[in-house]
>>> print(open('entry.cif').read())   # mmCIF, C-alpha atoms
data_coords
loop_
_atom_site.label_atom_id
_atom_site.label_comp_id
_atom_site.auth_asym_id
_atom_site.auth_seq_id
_atom_site.Cartn_x
_atom_site.Cartn_y
_atom_site.Cartn_z
CA MET A 39 -25.42 -77.32 32.69
CA THR A 40 -24.00 -74.32 30.88
CA LEU A 41 -21.48 -76.01 28.56
CA LYS A 42 -22.40 -78.40 25.75
CA ARG A 43 -20.12 -80.20 23.32
CA PHE A 44 -21.36 -81.14 19.85
CA THR A 45 -19.73 -83.18 17.10
CA LEU A 46 -20.22 -83.26 13.36
CA ASN A 47 -18.67 -85.13 10.46
CA THR A 48 -17.89 -82.85 7.57
CA ALA A 49 -18.47 -84.31 4.12
CA SER A 50 -15.90 -82.62 1.90
CA LYS A 51 -12.93 -80.29 1.89
CA GLU A 52 -14.97 -77.14 2.45
CA GLY A 53 -18.49 -76.46 3.65
CA LEU A 54 -20.69 -74.32 5.87
CA TYR A 55 -22.77 -76.52 8.20
CA PRO A 56 -25.82 -75.03 9.93
CA ILE A 57 -25.60 -75.37 13.72
CA THR A 58 -28.29 -72.94 14.87
CA GLU A 59 -30.46 -75.79 16.16
CA GLN A 60 -27.66 -77.18 18.32
CA VAL A 61 -27.04 -73.73 19.79
CA ARG A 62 -30.79 -73.38 20.48
CA GLU A 63 -30.76 -76.78 22.19
CA ALA A 64 -27.89 -75.73 24.46
CA VAL A 65 -29.66 -72.48 25.34
CA GLY A 66 -32.89 -74.35 26.07
CA GLN A 67 -31.17 -76.84 28.35
CA SER A 68 -29.40 -74.04 30.21
CA GLN A 69 -32.79 -72.50 31.06
CA ALA A 70 -31.15 -69.10 30.69
CA HIS A 71 -33.72 -66.32 30.36
CA SER A 72 -31.15 -63.69 29.47
CA GLY A 73 -27.44 -63.82 28.74
CA LEU A 74 -24.96 -64.81 26.09
CA ALA A 75 -24.36 -67.96 24.03
CA VAL A 76 -20.69 -68.36 23.08
CA VAL A 77 -20.12 -70.78 20.21
CA PHE A 78 -16.47 -71.88 20.04
CA CYS A 79 -14.53 -73.96 17.49
CA PRO A 80 -11.49 -75.78 18.94
CA HIS A 81 -9.88 -76.37 15.53
CA THR A 82 -7.40 -74.24 13.56
CA THR A 83 -8.65 -74.96 10.03
CA ALA A 84 -12.33 -74.41 10.77
CA GLY A 85 -14.38 -71.61 12.30
CA ILE A 86 -17.77 -70.31 13.38
CA THR A 87 -19.71 -67.62 11.54
CA ILE A 88 -23.16 -66.12 11.18
CA ASN A 89 -24.64 -65.62 7.72
CA GLU A 90 -27.75 -66.05 5.57
CA ASN A 91 -29.98 -68.98 6.45
CA ALA A 92 -32.24 -68.99 3.37
CA ASP A 93 -30.49 -69.46 0.01
CA PRO A 94 -27.77 -72.17 0.06
CA ALA A 95 -26.16 -70.41 -2.90
CA VAL A 96 -24.89 -67.78 -0.46
CA GLY A 97 -22.80 -70.39 1.33
CA ARG A 98 -21.29 -71.58 -1.95
CA ASP A 99 -20.52 -67.98 -2.92
CA LEU A 100 -18.90 -67.33 0.47
CA LEU A 101 -16.58 -70.33 0.04
CA LYS A 102 -15.77 -69.23 -3.51
CA GLY A 103 -15.03 -65.68 -2.35
CA LEU A 104 -12.80 -66.89 0.49
CA GLY A 105 -10.91 -69.00 -2.05
CA VAL A 106 -10.26 -65.91 -4.17
CA ALA A 107 -9.17 -63.77 -1.21
CA PHE A 108 -7.01 -66.47 0.38
CA PRO A 109 -5.65 -68.72 -2.38
CA ASP A 110 -3.17 -71.49 -1.83
CA GLN A 111 0.37 -70.26 -2.58
CA ARG A 112 3.45 -72.07 -3.73
CA SER A 113 5.59 -70.10 -1.32
CA PHE A 114 3.65 -71.27 1.75
CA GLU A 115 6.08 -73.07 4.07
CA HIS A 116 3.80 -75.19 6.26
CA LEU A 117 4.47 -78.77 5.11
CA GLU A 118 0.95 -80.00 5.86
CA GLY A 119 -0.11 -77.95 2.82
CA ASN A 120 -3.22 -76.47 4.41
CA SER A 121 -2.13 -72.91 5.16
CA ALA A 122 -4.98 -71.49 3.06
CA ALA A 123 -7.40 -73.31 5.39
CA HIS A 124 -5.67 -71.74 8.40
CA LEU A 125 -6.09 -68.33 6.74
CA LYS A 126 -9.79 -68.85 6.11
CA ALA A 127 -10.22 -69.92 9.74
CA LEU A 128 -8.46 -66.72 10.84
CA ALA A 129 -10.70 -64.54 8.65
CA VAL A 130 -13.89 -66.29 9.73
CA GLY A 131 -12.95 -66.45 13.40
CA SER A 132 -13.04 -69.17 16.05
CA GLU A 133 -16.14 -68.03 17.88
CA VAL A 134 -19.31 -65.96 17.84
CA ASN A 135 -21.45 -64.56 20.64
CA VAL A 136 -25.20 -64.49 20.34
CA ILE A 137 -27.38 -62.54 22.78
CA ILE A 138 -30.05 -64.52 24.67
CA GLU A 139 -33.28 -62.61 25.40
CA ASN A 140 -36.50 -64.10 26.79
CA GLY A 141 -34.91 -67.52 26.60
CA SER A 142 -34.26 -67.28 22.85
CA LEU A 143 -31.36 -66.45 20.57
CA LEU A 144 -31.60 -62.83 19.42
CA LEU A 145 -30.79 -63.58 15.76
CA GLY A 146 -31.96 -61.58 12.78
CA VAL A 147 -34.65 -63.17 10.63
CA TRP A 148 -32.15 -64.08 7.90
CA GLN A 149 -29.33 -65.14 10.23
CA GLY A 150 -28.12 -68.67 10.86
CA ILE A 151 -25.04 -69.91 12.75
CA TYR A 152 -22.59 -72.01 10.73
CA PHE A 153 -19.62 -74.27 11.35
CA GLY A 154 -17.14 -73.49 8.57
CA GLU A 155 -15.00 -76.43 7.45
CA PHE A 156 -11.92 -75.48 5.40
CA ASP A 157 -9.82 -78.67 5.55
CA GLY A 158 -12.18 -81.61 5.62
CA PRO A 159 -13.62 -84.09 5.51
CA ARG A 160 -13.06 -84.65 9.23
CA SER A 161 -14.75 -85.39 12.51
CA ARG A 162 -15.18 -82.00 14.19
CA THR A 163 -16.28 -80.60 17.52
CA PHE A 164 -17.72 -77.34 18.77
CA PHE A 165 -18.77 -75.99 22.14
CA VAL A 166 -21.67 -73.82 23.27
CA LYS A 167 -21.19 -72.00 26.56
CA VAL A 168 -24.16 -70.15 28.04
CA MET A 169 -23.42 -67.19 30.30
CA LYS A 170 -26.46 -66.07 32.28
CA ASP A 171 -27.14 -62.49 33.25
CA MET B 89 -9.12 -59.21 40.21
CA THR B 90 -10.83 -60.00 36.94
CA LEU B 91 -9.01 -57.60 34.62
CA LYS B 92 -5.32 -57.85 33.75
CA ARG B 93 -3.23 -55.63 31.48
CA PHE B 94 -0.20 -57.01 29.67
CA THR B 95 2.44 -55.31 27.54
CA LEU B 96 4.72 -56.56 24.81
CA ASN B 97 7.34 -55.03 22.54
CA THR B 98 6.94 -56.20 18.99
CA ALA B 99 10.18 -56.76 17.10
CA SER B 100 9.34 -55.97 13.50
CA LYS B 101 6.66 -54.66 11.18
CA GLU B 102 4.52 -57.79 11.33
CA GLY B 103 4.38 -60.78 13.62
CA LEU B 104 2.15 -63.15 15.55
CA TYR B 105 3.16 -63.24 19.23
CA PRO B 106 1.96 -66.13 21.41
CA ILE B 107 0.05 -64.88 24.47
CA THR B 108 -1.68 -68.06 25.65
CA GLU B 109 0.46 -68.15 28.80
CA GLN B 110 -0.52 -64.61 29.79
CA VAL B 111 -4.20 -65.45 29.29
CA ARG B 112 -3.73 -68.59 31.43
CA GLU B 113 -2.08 -66.49 34.12
CA ALA B 114 -5.03 -64.07 34.18
CA VAL B 115 -7.49 -66.94 34.42
CA GLY B 116 -5.48 -68.57 37.22
CA GLN B 117 -5.35 -65.33 39.23
CA SER B 118 -9.08 -64.80 38.79
CA GLN B 119 -9.75 -68.20 40.40
CA ALA B 120 -12.65 -68.61 37.99
CA HIS B 121 -13.83 -72.21 37.84
CA SER B 122 -16.15 -71.57 34.89
CA GLY B 123 -16.73 -68.58 32.66
CA LEU B 124 -15.23 -66.63 29.81
CA ALA B 125 -11.83 -65.05 29.13
CA VAL B 126 -12.10 -62.03 26.85
CA VAL B 127 -8.78 -61.02 25.27
CA PHE B 128 -8.92 -57.47 23.90
CA CYS B 129 -6.48 -55.44 21.80
CA PRO B 130 -6.80 -51.64 22.28
CA HIS B 131 -4.91 -50.81 19.06
CA THR B 132 -6.20 -50.26 15.52
CA THR B 133 -3.29 -51.77 13.58
CA ALA B 134 -3.03 -54.96 15.63
CA GLY B 135 -5.45 -57.70 16.67
CA ILE B 136 -6.02 -60.92 18.58
CA THR B 137 -6.48 -64.31 16.95
CA ILE B 138 -6.42 -68.03 17.66
CA ASN B 139 -4.44 -70.32 15.38
CA GLU B 140 -1.99 -73.21 15.26
CA ASN B 141 0.47 -73.43 18.16
CA ALA B 142 2.86 -76.03 16.75
CA ASP B 143 4.58 -75.14 13.47
CA PRO B 144 5.86 -71.51 13.35
CA ALA B 145 5.66 -71.74 9.53
CA VAL B 146 1.88 -71.41 9.87
CA GLY B 147 2.26 -67.94 11.35
CA ARG B 148 4.58 -66.86 8.54
CA ASP B 149 2.10 -68.22 5.97
CA LEU B 150 -0.77 -66.39 7.67
CA LEU B 151 1.08 -63.07 7.44
CA LYS B 152 1.97 -63.77 3.81
CA GLY B 153 -1.64 -64.63 2.99
CA LEU B 154 -2.95 -61.50 4.70
CA GLY B 155 -0.47 -59.47 2.65
CA VAL B 156 -1.87 -60.97 -0.56
CA ALA B 157 -5.51 -60.41 0.44
CA PHE B 158 -4.94 -56.90 1.78
CA PRO B 159 -2.08 -55.30 -0.15
CA ASP B 160 -0.98 -51.72 0.25
CA GLN B 161 -2.56 -49.57 -2.46
CA ARG B 162 -1.44 -46.36 -4.08
CA SER B 163 -4.95 -44.99 -3.92
CA PHE B 164 -5.18 -45.30 -0.12
CA GLU B 165 -5.80 -41.83 1.30
CA HIS B 166 -4.71 -42.16 4.94
CA LEU B 167 -1.51 -40.10 5.14
CA GLU B 168 0.07 -42.24 7.84
CA GLY B 169 0.48 -44.88 5.11
CA ASN B 170 -0.60 -47.84 7.21
CA SER B 171 -4.10 -48.51 5.89
CA ALA B 172 -3.17 -52.09 4.97
CA ALA B 173 -2.33 -52.66 8.65
CA HIS B 174 -5.76 -51.27 9.62
CA LEU B 175 -7.34 -53.70 7.14
CA LYS B 176 -5.49 -56.69 8.56
CA ALA B 177 -6.56 -55.65 12.07
CA LEU B 178 -10.17 -55.50 10.86
CA ALA B 179 -9.97 -58.98 9.28
CA VAL B 180 -8.26 -60.53 12.30
CA GLY B 181 -10.46 -58.79 14.86
CA SER B 182 -9.81 -56.89 18.08
CA GLU B 183 -10.80 -59.62 20.50
CA VAL B 184 -11.41 -63.29 21.12
CA ASN B 185 -13.43 -65.11 23.77
CA VAL B 186 -12.20 -68.35 25.23
CA ILE B 187 -14.41 -70.57 27.39
CA ILE B 188 -13.14 -71.37 30.90
CA GLU B 189 -14.05 -74.83 32.21
CA ASN B 190 -12.72 -76.48 35.37
CA GLY B 191 -10.46 -73.48 35.86
CA SER B 192 -8.74 -73.96 32.49
CA LEU B 193 -8.97 -72.48 29.00
CA LEU B 194 -11.04 -74.75 26.77
CA LEU B 195 -8.66 -74.57 23.80
CA GLY B 196 -8.20 -77.25 21.17
CA VAL B 197 -4.96 -79.21 21.34
CA TRP B 198 -3.48 -77.31 18.37
CA GLN B 199 -4.80 -73.87 19.34
CA GLY B 200 -2.80 -70.97 20.68
CA ILE B 201 -3.81 -67.34 21.27
CA TYR B 202 -1.79 -64.74 19.37
CA PHE B 203 -1.29 -60.98 19.39
CA GLY B 204 -1.07 -59.95 15.72
CA GLU B 205 1.19 -56.97 15.01
CA PHE B 206 0.68 -55.36 11.60
CA ASP B 207 2.42 -51.99 12.01
CA GLY B 208 5.37 -52.48 14.33
CA PRO B 209 7.78 -52.48 15.89
CA ARG B 210 5.96 -50.87 18.80
CA SER B 211 5.21 -51.12 22.47
CA ARG B 212 1.78 -52.75 22.65
CA THR B 213 -0.84 -53.59 25.25
CA PHE B 214 -3.63 -56.12 25.61
CA PHE B 215 -6.24 -56.87 28.24
CA VAL B 216 -7.68 -60.08 29.62
CA LYS B 217 -11.07 -59.81 31.30
CA VAL B 218 -12.43 -62.86 33.11
CA MET B 219 -16.21 -63.16 33.38
CA LYS B 220 -17.29 -65.79 35.92
CA ASP B 221 -20.41 -67.90 35.57
CA MET C 1259 -32.17 -52.80 31.54
CA THR C 1260 -29.26 -54.66 30.02
CA LEU C 1261 -30.37 -54.85 26.38
CA LYS C 1262 -30.78 -51.85 24.10
CA ARG C 1263 -31.85 -51.74 20.44
CA PHE C 1264 -30.68 -48.94 18.17
CA THR C 1265 -31.59 -48.09 14.59
CA LEU C 1266 -29.79 -46.20 11.88
CA ASN C 1267 -30.49 -45.32 8.26
CA THR C 1268 -27.49 -45.90 6.07
CA ALA C 1269 -26.96 -43.38 3.30
CA SER C 1270 -25.31 -45.33 0.51
CA LYS C 1271 -24.21 -48.77 -0.61
CA GLU C 1272 -21.24 -48.95 1.73
CA GLY C 1273 -20.17 -47.05 4.80
CA LEU C 1274 -18.75 -47.28 8.30
CA TYR C 1275 -21.03 -45.52 10.79
CA PRO C 1276 -19.67 -44.57 14.22
CA ILE C 1277 -21.76 -46.07 17.04
CA THR C 1278 -19.45 -45.66 20.04
CA GLU C 1279 -21.79 -43.08 21.60
CA GLN C 1280 -24.77 -45.42 21.42
CA VAL C 1281 -22.74 -48.19 23.06
CA ARG C 1282 -21.65 -45.73 25.80
CA GLU C 1283 -25.28 -44.77 26.33
CA ALA C 1284 -26.31 -48.41 26.77
CA VAL C 1285 -23.48 -48.99 29.23
CA GLY C 1286 -24.40 -45.86 31.17
CA GLN C 1287 -28.05 -46.86 31.43
CA SER C 1288 -27.10 -50.36 32.59
CA GLN C 1289 -25.18 -48.84 35.52
CA ALA C 1290 -22.65 -51.64 35.10
CA HIS C 1291 -19.41 -50.89 36.95
CA SER C 1292 -17.57 -53.83 35.43
CA GLY C 1293 -18.46 -56.34 32.74
CA LEU C 1294 -18.81 -56.72 29.01
CA ALA C 1295 -20.68 -54.81 26.28
CA VAL C 1296 -21.67 -57.08 23.39
CA VAL C 1297 -22.55 -55.18 20.21
CA PHE C 1298 -24.49 -57.38 17.78
CA CYS C 1299 -25.63 -56.84 14.18
CA PRO C 1300 -28.73 -58.87 13.20
CA HIS C 1301 -28.13 -58.46 9.44
CA THR C 1302 -26.19 -60.66 7.00
CA THR C 1303 -24.80 -57.94 4.73
CA ALA C 1304 -23.56 -55.65 7.51
CA GLY C 1305 -21.30 -56.06 10.53
CA ILE C 1306 -19.72 -54.50 13.60
CA THR C 1307 -16.04 -53.61 13.86
CA ILE C 1308 -13.59 -51.54 15.85
CA ASN C 1309 -11.14 -49.29 14.04
CA GLU C 1310 -9.56 -45.83 13.96
CA ASN C 1311 -11.74 -42.99 15.22
CA ALA C 1312 -9.66 -40.02 14.04
CA ASP C 1313 -9.03 -39.80 10.28
CA PRO C 1314 -12.13 -40.57 8.16
CA ALA C 1315 -9.78 -41.54 5.30
CA VAL C 1316 -9.08 -44.78 7.17
CA GLY C 1317 -12.73 -45.80 6.80
CA ARG C 1318 -12.66 -45.08 3.07
CA ASP C 1319 -9.44 -47.09 2.73
CA LEU C 1320 -10.95 -50.00 4.67
CA LEU C 1321 -13.94 -50.14 2.32
CA LYS C 1322 -11.64 -49.91 -0.70
CA GLY C 1323 -9.44 -52.70 0.66
CA LEU C 1324 -12.42 -54.95 1.38
CA GLY C 1325 -13.58 -54.36 -2.19
CA VAL C 1326 -10.21 -55.54 -3.52
CA ALA C 1327 -10.12 -58.63 -1.27
CA PHE C 1328 -13.76 -59.57 -1.85
CA PRO C 1329 -14.77 -58.42 -5.34
CA ASP C 1330 -18.10 -59.18 -6.93
CA GLN C 1331 -17.77 -62.23 -9.22
CA ARG C 1332 -19.69 -63.26 -12.30
CA SER C 1333 -19.78 -66.84 -11.09
CA PHE C 1334 -21.59 -65.98 -7.86
CA GLU C 1335 -24.89 -67.89 -7.81
CA HIS C 1336 -26.99 -65.94 -5.28
CA LEU C 1337 -29.64 -64.24 -7.41
CA GLU C 1338 -29.97 -61.21 -5.16
CA GLY C 1339 -26.54 -60.21 -6.47
CA ASN C 1340 -25.10 -59.15 -3.12
CA SER C 1341 -22.79 -62.06 -2.30
CA ALA C 1342 -19.80 -59.72 -2.04
CA ALA C 1343 -21.66 -57.88 0.72
CA HIS C 1344 -22.24 -61.19 2.53
CA LEU C 1345 -18.50 -61.90 2.24
CA LYS C 1346 -17.54 -58.52 3.70
CA ALA C 1347 -19.98 -59.10 6.57
CA LEU C 1348 -18.34 -62.48 7.21
CA ALA C 1349 -14.84 -60.96 7.23
CA VAL C 1350 -15.83 -58.05 9.47
CA GLY C 1351 -17.95 -60.15 11.83
CA SER C 1352 -21.41 -59.78 13.34
CA GLU C 1353 -20.37 -58.67 16.79
CA VAL C 1354 -17.69 -57.23 19.03
CA ASN C 1355 -17.15 -57.40 22.77
CA VAL C 1356 -15.84 -54.41 24.65
CA ILE C 1357 -14.67 -54.66 28.27
CA ILE C 1358 -16.39 -52.36 30.80
CA GLU C 1359 -14.17 -51.10 33.63
CA ASN C 1360 -15.09 -48.43 36.19
CA GLY C 1361 -18.34 -47.89 34.34
CA SER C 1362 -16.60 -47.02 31.05
CA LEU C 1363 -15.73 -48.77 27.81
CA LEU C 1364 -12.10 -49.91 27.88
CA LEU C 1365 -11.29 -48.72 24.35
CA GLY C 1366 -7.89 -47.64 23.12
CA VAL C 1367 -7.43 -43.92 22.53
CA TRP C 1368 -7.68 -44.32 18.74
CA GLN C 1369 -10.49 -46.89 18.77
CA GLY C 1370 -14.09 -46.33 17.76
CA ILE C 1371 -16.91 -48.84 17.26
CA TYR C 1372 -18.47 -48.89 13.78
CA PHE C 1373 -21.53 -50.31 12.07
CA GLY C 1374 -20.34 -51.52 8.66
CA GLU C 1375 -22.92 -51.28 5.87
CA PHE C 1376 -22.12 -53.31 2.76
CA ASP C 1377 -25.47 -53.43 0.95
CA GLY C 1378 -27.27 -50.16 1.62
CA PRO C 1379 -28.88 -47.79 1.75
CA ARG C 1380 -31.22 -49.42 4.26
CA SER C 1381 -32.83 -49.06 7.62
CA ARG C 1382 -30.65 -51.05 9.99
CA THR C 1383 -30.68 -52.21 13.60
CA PHE C 1384 -28.08 -53.20 16.16
CA PHE C 1385 -28.19 -54.40 19.76
CA VAL C 1386 -26.04 -53.70 22.80
CA LYS C 1387 -26.17 -56.27 25.58
CA VAL C 1388 -24.43 -55.46 28.85
CA MET C 1389 -23.21 -58.41 30.92
CA LYS C 1390 -22.27 -57.40 34.47
CA ASP C 1391 -19.52 -59.05 36.47
#
>>> encode(input="entry.cif", output="structure tokens")
Amino acid sequence: MTLKRFTLNTASKEGLYPITEQVREAVGQSQAHSGLAVVFCPHTTAGITINENADPAVGRDLLKGLGVAFPDQRSFEHLEGNSAAHLKALAVGSEVNVIIENGSLLLGVWQGIYFGEFDGPRSRTFFVKVMKD
Amino acid sequence: MTLKRFTLNTASKEGLYPITEQVREAVGQSQAHSGLAVVFCPHTTAGITINENADPAVGRDLLKGLGVAFPDQRSFEHLEGNSAAHLKALAVGSEVNVIIENGSLLLGVWQGIYFGEFDGPRSRTFFVKVMKD
Amino acid sequence: MTLKRFTLNTASKEGLYPITEQVREAVGQSQAHSGLAVVFCPHTTAGITINENADPAVGRDLLKGLGVAFPDQRSFEHLEGNSAAHLKALAVGSEVNVIIENGSLLLGVWQGIYFGEFDGPRSRTFFVKVMKD
């Protein structure tokens, strides 16, 4: 069992949802001692990122900063009206790799893995693939 | 055969070129049932990203939004004059990983893989490496 | 030996530090003929990126451009005052994958791998994990 699918329901238009525990669960079930955990988001207005796990204010500041860098624009053509969400997904990225060592995720002490929602609320999915050494 | 090299000729200064089919071809030839497809761009003013595969307006909006976030600046020092293209490449990223499951790319229904050109037109290259489980 | 840990002392608040040689060293020691080198940053105000290896002005322009896209903001809530650094880390990303072919990194001729510091000076760490085919 090296692939796991997880779901989450996002609560508002934008948010960073901690998913480190789900990734740990997938790694534990894989019984991989050493390798790589690939966390992948199959959506185009959401992404996966690694950032601070301690102060929730950081997450709010990240969303605010992304809104300043990638504002909605009147001249956007996409009729669904969510091009800014697509841009944030592009900047954040669809996936991250985390190294597995001694059966654990090799994360820094302040690092957590997050699902970034930019066009919610929605029912969302992500995958964790474990590649063993 | 787990590494494939592809070429493309970009048509203008900026553009997002769909390359999902080439990545599928590389995965098919590798005969990998399960694993990872790593798509890598060996250029510094271009990148690889995953975004919407349906409405081409999304791609135009993404390029417009990147231009707003990362404008050319008079104070840039690089004499080649393409520092904004380097910045866009940095934000987009040089590579993406896609999970392979049951011999297929595990992409979301709206996802496509794109080669992002930010300093064309040029002859460009990208690689697809398949890592089997 | 497929995992190596490296340290560096960054010299100022922001900088891009070349680490291609360290990644090459890790790949050499792994004796991998073919595979993947995963370069991972365990910090939340620093990241790993690939960009031009020739003109150092490009690095200065990249930092300038990131500062324009992700400025510090009075309304940021995080009391440590480094939310802009967290944003730059998010945009740059915590890790890159580089393909290994014939025992060497498959980098483009102008590409180098960089450790991006956004909240220095500090003592920093990064990891290189080699996954063999």
>>> calpha_fit_and_write(input="entry.cif", fixed="chain C", moving="chain A", output="CSV table (one decimal) with C-alpha atoms, in the frame of the given file")
chain,number,residue,atom,x,y,z
A,39,MET,CA,-32.2,-52.8,31.5
A,40,THR,CA,-29.3,-54.7,30.0
A,41,LEU,CA,-30.4,-54.8,26.4
A,42,LYS,CA,-30.8,-51.8,24.1
A,43,ARG,CA,-31.9,-51.7,20.5
A,44,PHE,CA,-30.7,-48.9,18.2
A,45,THR,CA,-31.6,-48.1,14.6
A,46,LEU,CA,-29.8,-46.2,11.9
A,47,ASN,CA,-30.5,-45.3,8.3
A,48,THR,CA,-27.5,-45.9,6.1
A,49,ALA,CA,-26.9,-43.4,3.3
A,50,SER,CA,-25.3,-45.3,0.5
A,51,LYS,CA,-24.2,-48.8,-0.6
A,52,GLU,CA,-21.2,-49.0,1.7
A,53,GLY,CA,-20.2,-47.1,4.8
A,54,LEU,CA,-18.7,-47.3,8.3
A,55,TYR,CA,-21.0,-45.5,10.8
A,56,PRO,CA,-19.7,-44.6,14.2
A,57,ILE,CA,-21.8,-46.1,17.0
A,58,THR,CA,-19.4,-45.7,20.0
A,59,GLU,CA,-21.8,-43.1,21.6
A,60,GLN,CA,-24.8,-45.4,21.4
A,61,VAL,CA,-22.7,-48.2,23.1
A,62,ARG,CA,-21.6,-45.7,25.8
A,63,GLU,CA,-25.3,-44.8,26.3
A,64,ALA,CA,-26.3,-48.4,26.8
A,65,VAL,CA,-23.5,-49.0,29.2
A,66,GLY,CA,-24.4,-45.9,31.2
A,67,GLN,CA,-28.0,-46.9,31.4
A,68,SER,CA,-27.1,-50.3,32.6
A,69,GLN,CA,-25.2,-48.8,35.5
A,70,ALA,CA,-22.7,-51.6,35.1
A,71,HIS,CA,-19.4,-50.9,36.9
A,72,SER,CA,-17.6,-53.8,35.4
A,73,GLY,CA,-18.5,-56.3,32.7
A,74,LEU,CA,-18.8,-56.7,29.0
A,75,ALA,CA,-20.7,-54.8,26.3
A,76,VAL,CA,-21.7,-57.1,23.4
A,77,VAL,CA,-22.5,-55.2,20.2
A,78,PHE,CA,-24.5,-57.4,17.8
A,79,CYS,CA,-25.6,-56.8,14.2
A,80,PRO,CA,-28.7,-58.9,13.2
A,81,HIS,CA,-28.1,-58.5,9.4
A,82,THR,CA,-26.2,-60.7,7.0
A,83,THR,CA,-24.8,-57.9,4.7
A,84,ALA,CA,-23.6,-55.7,7.5
A,85,GLY,CA,-21.3,-56.1,10.5
A,86,ILE,CA,-19.7,-54.5,13.6
A,87,THR,CA,-16.0,-53.6,13.8
A,88,ILE,CA,-13.6,-51.6,15.8
A,89,ASN,CA,-11.1,-49.3,14.0
A,90,GLU,CA,-9.6,-45.8,14.0
A,91,ASN,CA,-11.8,-43.0,15.2
A,92,ALA,CA,-9.7,-40.0,14.0
A,93,ASP,CA,-9.0,-39.8,10.3
A,94,PRO,CA,-12.1,-40.6,8.2
A,95,ALA,CA,-9.8,-41.5,5.3
A,96,VAL,CA,-9.1,-44.8,7.2
A,97,GLY,CA,-12.7,-45.8,6.8
A,98,ARG,CA,-12.7,-45.1,3.1
A,99,ASP,CA,-9.4,-47.1,2.7
A,100,LEU,CA,-10.9,-50.0,4.7
A,101,LEU,CA,-14.0,-50.1,2.3
A,102,LYS,CA,-11.6,-49.9,-0.7
A,103,GLY,CA,-9.4,-52.7,0.7
A,104,LEU,CA,-12.4,-54.9,1.4
A,105,GLY,CA,-13.6,-54.3,-2.2
A,106,VAL,CA,-10.2,-55.5,-3.5
A,107,ALA,CA,-10.1,-58.6,-1.3
A,108,PHE,CA,-13.8,-59.6,-1.8
A,109,PRO,CA,-14.8,-58.4,-5.3
A,110,ASP,CA,-18.1,-59.2,-6.9
A,111,GLN,CA,-17.8,-62.2,-9.2
A,112,ARG,CA,-19.7,-63.3,-12.3
A,113,SER,CA,-19.8,-66.8,-11.1
A,114,PHE,CA,-21.6,-66.0,-7.9
A,115,GLU,CA,-24.9,-67.9,-7.8
A,116,HIS,CA,-27.0,-65.9,-5.3
A,117,LEU,CA,-29.6,-64.2,-7.4
A,118,GLU,CA,-30.0,-61.2,-5.1
A,119,GLY,CA,-26.5,-60.2,-6.5
A,120,ASN,CA,-25.1,-59.2,-3.1
A,121,SER,CA,-22.8,-62.1,-2.3
A,122,ALA,CA,-19.8,-59.7,-2.0
A,123,ALA,CA,-21.7,-57.9,0.7
A,124,HIS,CA,-22.2,-61.2,2.5
A,125,LEU,CA,-18.5,-61.9,2.2
A,126,LYS,CA,-17.5,-58.5,3.7
A,127,ALA,CA,-20.0,-59.1,6.6
A,128,LEU,CA,-18.3,-62.5,7.2
A,129,ALA,CA,-14.8,-61.0,7.2
A,130,VAL,CA,-15.8,-58.1,9.5
A,131,GLY,CA,-17.9,-60.2,11.8
A,132,SER,CA,-21.4,-59.8,13.3
A,133,GLU,CA,-20.4,-58.7,16.8
A,134,VAL,CA,-17.7,-57.2,19.0
A,135,ASN,CA,-17.1,-57.4,22.8
A,136,VAL,CA,-15.8,-54.4,24.7
A,137,ILE,CA,-14.7,-54.7,28.3
A,138,ILE,CA,-16.4,-52.4,30.8
A,139,GLU,CA,-14.2,-51.1,33.6
A,140,ASN,CA,-15.1,-48.4,36.2
A,141,GLY,CA,-18.3,-47.9,34.3
A,142,SER,CA,-16.6,-47.0,31.1
A,143,LEU,CA,-15.7,-48.8,27.8
A,144,LEU,CA,-12.1,-49.9,27.9
A,145,LEU,CA,-11.3,-48.7,24.4
A,146,GLY,CA,-7.9,-47.6,23.1
A,147,VAL,CA,-7.4,-43.9,22.5
A,148,TRP,CA,-7.7,-44.3,18.8
A,149,GLN,CA,-10.5,-46.9,18.8
A,150,GLY,CA,-14.1,-46.3,17.8
A,151,ILE,CA,-16.9,-48.8,17.2
A,152,TYR,CA,-18.5,-48.9,13.8
A,153,PHE,CA,-21.5,-50.3,12.1
A,154,GLY,CA,-20.4,-51.5,8.7
A,155,GLU,CA,-22.9,-51.3,5.9
A,156,PHE,CA,-22.1,-53.3,2.8
A,157,ASP,CA,-25.5,-53.4,0.9
A,158,GLY,CA,-27.3,-50.2,1.6
A,159,PRO,CA,-28.9,-47.8,1.8
A,160,ARG,CA,-31.2,-49.4,4.3
A,161,SER,CA,-32.8,-49.0,7.6
A,162,ARG,CA,-30.6,-51.0,10.0
A,163,THR,CA,-30.7,-52.2,13.6
A,164,PHE,CA,-28.1,-53.2,16.2
A,165,PHE,CA,-28.2,-54.4,19.8
A,166,VAL,CA,-26.0,-53.7,22.8
A,167,LYS,CA,-26.2,-56.3,25.6
A,168,VAL,CA,-24.4,-55.5,28.8
A,169,MET,CA,-23.2,-58.4,30.9
A,170,LYS,CA,-22.3,-57.4,34.5
A,171,ASP,CA,-19.5,-59.0,36.5
>>> residues_around(input="entry.cif", residues="region 103-105 of chain B", least_positions_apart="5", cutoff="10 Å", atoms="all atoms listed in the file", output="VMD selection string")
chain B and resid 96 to 98 134 to 137 139 144 147 to 148 150 to 151 200 to 209
>>> interface_residues(input="entry.cif", of="chain A", to="chain B", cutoff="7 Å", atoms="only C-alpha atoms", output="ChimeraX atom specification")
/A:80-82,107-108,114-116,121,125,128-129,132,167,169
>>> axis_aligned_box(input="entry.cif", around="region 200-211 of chain B", padding_each_side="4 Å", output="JSON")
{"center_x": 2.0, "center_y": -60.9, "center_z": 17.0, "size_x": 19.6, "size_y": 28.1, "size_z": 18.9}
